[in-house]
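Trainee: Structure below; questions to follow.
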Amino acid sequence: MKLTSYLLIILSIAFNSCLNGKKEVNYVVLSGTIKSPDIDSLKLYDKDFKPIQTIYFSKDLSFNDTLFISEGYYYLGDFKTSTKLLFLKPSYNLNADIKSFSEDDSIIFQGNGSNENNYLQKKKTYNKTFKPVENYKYFLTLNEERFLKLSDSIYSEKTNFLNSFENLDNDFKNYESFTLKFENSSFIDRYSLWKGEFIGDKNFSVSKDFPNPYTNYNLSDEKMLLHPNYLNSIAGALKSKHKIMLRFQDVDLKFLKILDNEISSEIIKDEIAYNYVKEGIEQTNDLDNVYNLFMSIVKNETYKDAIKKSYLNPKKLSKGKISPTFEFFDVNNNLVTLESLKGKLVYIDIWGTWCIPCIQEIPALKEIELEFREKDIYFVSICIRDKKENFLNFVKERKLSGIQLFAPDIDIPFFKDYQLKTVPRFILIDKEGKIIDANTTKPSDPKLKEQILEYL
């Protein structure tokens, strides 16, 4: 047989194979235009906000890119302005008509995948109608019966909104149904956790008939790992079952042991252990034990290498090291630096007006400030990830004392040097500007007074 004839036969077989079966597509085509550009490019992030690809505009403000990605949730945008949640799946050919990237409900999608992503855009605007009743200042005023009716009503209305969209991808609809279930569970959980603090009754507890918000959760559904909230739902379910508070200083070891005992999937166990420990390893007071237990539980070598690097970082913030410095403006627009506070102890509280655990510590902080008002110690509160107007109003309304500072940006060396990942965060510095404790005790803990007295 001649070579030419042989090639023709091979090509014919390949051609007929394409006709008889669909060729699997492993990419997403994303195109569109932006009418009011407030950014010069778009970035695609995965569900954990890890950057994947930069999408650049042409001169006519259009874009067209091929994304070799797997099915899942992604974020599109630029963190300096805004990001939009997307659901993408190989074979999607999606066109986005963007009016303004910084405004809500300003994108209209067309093409394969448009139903799912138009739902996500409209859902964000729709959910804002529930903000007044989902605000803790409202729902914590309700008695148990009225609150549960409210939570049921919100869940029902949001479910009806989802069901009103036709021709949604089946997998997507399952993911979104899970989202609604998780949001409802978190809402119910917040009521049981915060109600006592809100009404000033430390002995408050919900009734025995109050629903367990995390019943019937599958803790080993590996397909759900692509959902942004799945790992949080596992943490919530385990926390509720074992009645523990996920505070990095207190329960790292306990929570890791629970994970090891109750999660059968090694992949899920590795994911949740890594995500949990990477956020708290620099803050734990039991660093060596947390590190050793993590290394014994996790099988993923990449995760183990990352935690090993994080394990070494806190050594730079050990007792006796010179503290990283800061300079922020106070409520009267005066510049305050850490150097200007030398000569006294400095107790730093990093917080935000949006942070419930931060707000819960305010009464105790006021008490300790009053007790040590004539001693050689400064109490410094630094408000982060907030609007300055909210900060100023909160300080005035709550009559906050001490040195009140506002941080205009989280991307500041002081926060990076202290590896700040969560708030509230408390730091104690000695009279010479050296670190006493880079992750010290909260104001409501009696041990803080003992620590301050030791160094005064």
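Residues are referred to by chain and number: the chain letter is A, B, ... according to the order shown in the structure tokens, the number counts from 1 in that chain, and ligands are numbered separately from 1 in the order shown.
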Would you pick out the contacts of Leu219 in chain A at 9 Å or less, using only C-alpha atoms, so that residues sharing its chain but fewer than 3 positions from it are not included, and give the list as a list in words?

Mentor: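 The contact residues come out as Glu222, Tyr230, Leu231, Ser233, Ile234, Ala237, Glu262, Ile263, Ser264, Ser265 and Ile268 of chain A.
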
Trainee: I want to know what sits within 12 Å of Lys173 in chain A, based on only C-alpha atoms, with residues of the same chain fewer than 4 positions away left out; could you give that as number ranges by chain?

Mentor: A: 87, 115-117, 119-120, 159, 161-169, 177-180, 227

Trainee: What parts of range 193-397 of chain A does DSSP call alpha helix (DSSP H)? I'd like the answer as an MDAnalysis selection string.

Mentor: chainID A and resid 193:199 230:242 248:262 266:280 287:297 301:312 356:360 362:371 388:397

Trainee: May I ask for the distance between CA of Phe139 in chain A and CA of Ser205 in chain A, given in Å to one decimal place?

Mentor: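 Result for CA of Phe139 in chain A versus CA of Ser205 in chain A: 15.8 Å, one decimal.
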
Trainee: Between CA of Ala96 in chain A and CA of Leu226 in chain A, what distance in Å does the model show, to one decimal?

Mentor: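 Computing it gives 22.9 Å between the two atoms.
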
Trainee: Out of A:Leu42, A:Ile322, A:Val29, A:Val290, which residue has the shortest atom-to-atom distance to Ile307 in chain A when counting only C-alpha atoms?

Mentor: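 Ranked by minimum distance to Ile307 in chain A, first place goes to A:Val290.
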
Trainee: Extract, using only C-alpha atoms, all DNA, RNA and protein residues at most 12 Å from Glu145 in chain A, discarding same-chain residues fewer than 4 positions from it, and format them as a count of residues only.

Mentor: 14

Trainee: Just the number, please: distance in Å from CA of Ile435 in chain A to CA of Pro324 in chain A, one decimal.

Mentor: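 Going from CA of Ile435 in chain A over to CA of Pro324 in chain A covers 9.0 Å.
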
Trainee: Let me make sure I understand: among A:Ile348, A:Ile362, A:Pro51, A:Ala235, which one has the smallest atom-to-atom distance to Thr441 in chain A if we use only C-alpha atoms?

Mentor: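 Smallest separation from Thr441 in chain A among the options: A:Ile348.
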
Trainee: For Lys158 in chain A, which residue out of A:Lys124, A:Arg146, A:Lys137, A:Lys239 is the nearest one, using only C-alpha atoms?

Mentor: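 Once distances to Lys158 in chain A are computed over only C-alpha atoms, the minimum belongs to A:Lys124.
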
Trainee: Hey, which of A:Asn229, A:Asn300, A:Asn95, A:Asn218 ends up closest to Lys269 in chain A? Count only C-alpha atoms.

Mentor: A:Asn300

Trainee: Output as a list in words all residues of range 373-448 of chain A that backbone DSSP marks as strand (DSSP E or B).

Mentor: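 Matching residues, listed in order: Ile377, Tyr378, Phe379, Val380, Ser381, Ile382, Cys383, Ile403, Gln404, Leu405, Phe406, Arg425, Phe426, Ile427, Leu428, Ile429, Lys434, Ile435, Ile436 and Asp437 of chain A.
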
Trainee: Keeping only C-alpha atoms, write the selected residues to a file as a JSON list (two decimals), in the first residue's frame.

Mentor:
[["chain", "number", "residue", "atom", "x", "y", "z"],
["A", 377, "ILE", "CA", 0.56, 51.34, 79.16],
["A", 378, "TYR", "CA", -1.07, 52.50, 75.93],
["A", 379, "PHE", "CA", -4.15, 50.75, 74.59],
["A", 380, "VAL", "CA", -4.12, 51.04, 70.81],
["A", 381, "SER", "CA", -7.00, 49.89, 68.59],
["A", 382, "ILE", "CA", -6.42, 49.67, 64.82],
["A", 383, "CYS", "CA", -9.54, 49.41, 62.65],
["A", 403, "ILE", "CA", -5.78, 55.41, 70.98],
["A", 404, "GLN", "CA", -8.13, 54.78, 68.06],
["A", 405, "LEU", "CA", -6.38, 54.39, 64.69],
["A", 406, "PHE", "CA", -7.65, 53.70, 61.18],
["A", 425, "ARG", "CA", -5.80, 40.06, 66.90],
["A", 426, "PHE", "CA", -4.02, 41.23, 70.04],
["A", 427, "ILE", "CA", -0.33, 42.11, 70.38],
["A", 428, "LEU", "CA", 1.65, 43.15, 73.47],
["A", 429, "ILE", "CA", 4.87, 45.17, 73.09],
["A", 434, "LYS", "CA", 10.21, 44.67, 71.68],
["A", 435, "ILE", "CA", 7.64, 41.92, 71.28],
["A", 436, "ILE", "CA", 6.29, 40.38, 74.47],
["A", 437, "ASP", "CA", 3.60, 38.34, 72.71]]

Trainee: For Pro357 in chain A, which of A:Arg398, A:Lys223, A:Lys416, A:Arg190 is the closest residue, counting only C-alpha atoms?

Mentor: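 The answer is A:Arg190, which sits nearest to Pro357 in chain A.
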
Trainee: Would you please work out which residue, of A:Gly113, A:Pro424, A:Gly402, A:Gly433, is nearest to Glu339 in chain A when using only C-alpha atoms?

Mentor: A:Gly433

Trainee: Give me the residues within 12 Å of range 419-423 of chain A as a ChimeraX atom specification, counting only C-alpha atoms and dropping any in the same chain fewer than 5 places off.

Mentor: /A:247-249,275-284,310-311,313-317,324,348-359,361,381-385,410-414,438-439,442

Trainee: How would the residues just chosen look if you wrote them out with C-alpha atoms as a PDB file, in the first residue's frame?

Mentor:
ATOM      1  CA  ARG A 247     -10.642  29.910  67.851  1.00  0.00           C
ATOM      2  CA  PHE A 248      -7.075  29.458  66.707  1.00  0.00           C
ATOM      3  CA  GLN A 249      -5.520  29.884  70.141  1.00  0.00           C
ATOM      4  CA  ASN A 275      -7.045  25.638  55.047  1.00  0.00           C
ATOM      5  CA  TYR A 276      -7.625  25.671  58.787  1.00  0.00           C
ATOM      6  CA  VAL A 277      -3.996  25.475  59.873  1.00  0.00           C
ATOM      7  CA  LYS A 278      -2.572  27.893  57.296  1.00  0.00           C
ATOM      8  CA  GLU A 279      -4.827  30.621  58.729  1.00  0.00           C
ATOM      9  CA  GLY A 280      -3.945  29.971  62.332  1.00  0.00           C
ATOM     10  CA  ILE A 281      -0.467  28.543  62.644  1.00  0.00           C
ATOM     11  CA  GLU A 282       1.144  31.957  63.102  1.00  0.00           C
ATOM     12  CA  GLN A 283      -1.342  32.772  65.872  1.00  0.00           C
ATOM     13  CA  THR A 284      -1.529  29.582  67.887  1.00  0.00           C
ATOM     14  CA  SER A 310       4.673  28.955  57.823  1.00  0.00           C
ATOM     15  CA  TYR A 311       5.900  27.070  60.887  1.00  0.00           C
ATOM     16  CA  ASN A 313       7.839  32.291  60.133  1.00  0.00           C
ATOM     17  CA  PRO A 314       6.536  32.840  63.708  1.00  0.00           C
ATOM     18  CA  LYS A 315      10.086  32.417  65.000  1.00  0.00           C
ATOM     19  CA  LYS A 316      10.728  35.908  63.561  1.00  0.00           C
ATOM     20  CA  LEU A 317       8.018  37.275  65.857  1.00  0.00           C
ATOM     21  CA  PRO A 324       7.520  45.780  63.195  1.00  0.00           C
ATOM     22  CA  ILE A 348      -2.679  46.512  70.311  1.00  0.00           C
ATOM     23  CA  ASP A 349      -6.185  45.427  69.320  1.00  0.00           C
ATOM     24  CA  ILE A 350      -6.678  44.921  65.553  1.00  0.00           C
ATOM     25  CA  TRP A 351     -10.398  44.930  64.807  1.00  0.00           C
ATOM     26  CA  GLY A 352     -13.246  46.047  62.518  1.00  0.00           C
ATOM     27  CA  THR A 353     -16.734  47.439  63.022  1.00  0.00           C
ATOM     28  CA  TRP A 354     -18.056  44.514  60.943  1.00  0.00           C
ATOM     29  CA  CYS A 355     -16.449  41.870  63.203  1.00  0.00           C
ATOM     30  CA  ILE A 356     -18.782  40.432  65.863  1.00  0.00           C
ATOM     31  CA  PRO A 357     -16.029  38.769  67.959  1.00  0.00           C
ATOM     32  CA  CYS A 358     -14.174  42.116  67.924  1.00  0.00           C
ATOM     33  CA  ILE A 359     -17.229  43.992  69.150  1.00  0.00           C
ATOM     34  CA  GLU A 361     -14.441  42.247  73.375  1.00  0.00           C
ATOM     35  CA  SER A 381      -6.996  49.894  68.592  1.00  0.00           C
ATOM     36  CA  ILE A 382      -6.417  49.667  64.817  1.00  0.00           C
ATOM     37  CA  CYS A 383      -9.541  49.412  62.649  1.00  0.00           C
ATOM     38  CA  ILE A 384      -9.024  47.514  59.371  1.00  0.00           C
ATOM     39  CA  ARG A 385     -10.984  46.513  56.231  1.00  0.00           C
ATOM     40  CA  ILE A 410      -4.730  45.889  54.592  1.00  0.00           C
ATOM     41  CA  ASP A 411      -1.714  45.727  52.276  1.00  0.00           C
ATOM     42  CA  ILE A 412       0.575  47.454  54.789  1.00  0.00           C
ATOM     43  CA  PRO A 413       3.985  46.155  55.984  1.00  0.00           C
ATOM     44  CA  PHE A 414       2.936  46.100  59.659  1.00  0.00           C
ATOM     45  CA  ALA A 438       2.734  38.579  68.998  1.00  0.00           C
ATOM     46  CA  ASN A 439      -0.582  36.901  69.663  1.00  0.00           C
ATOM     47  CA  LYS A 442      -7.942  38.862  74.555  1.00  0.00           C
TER      48      LYS A 442
END
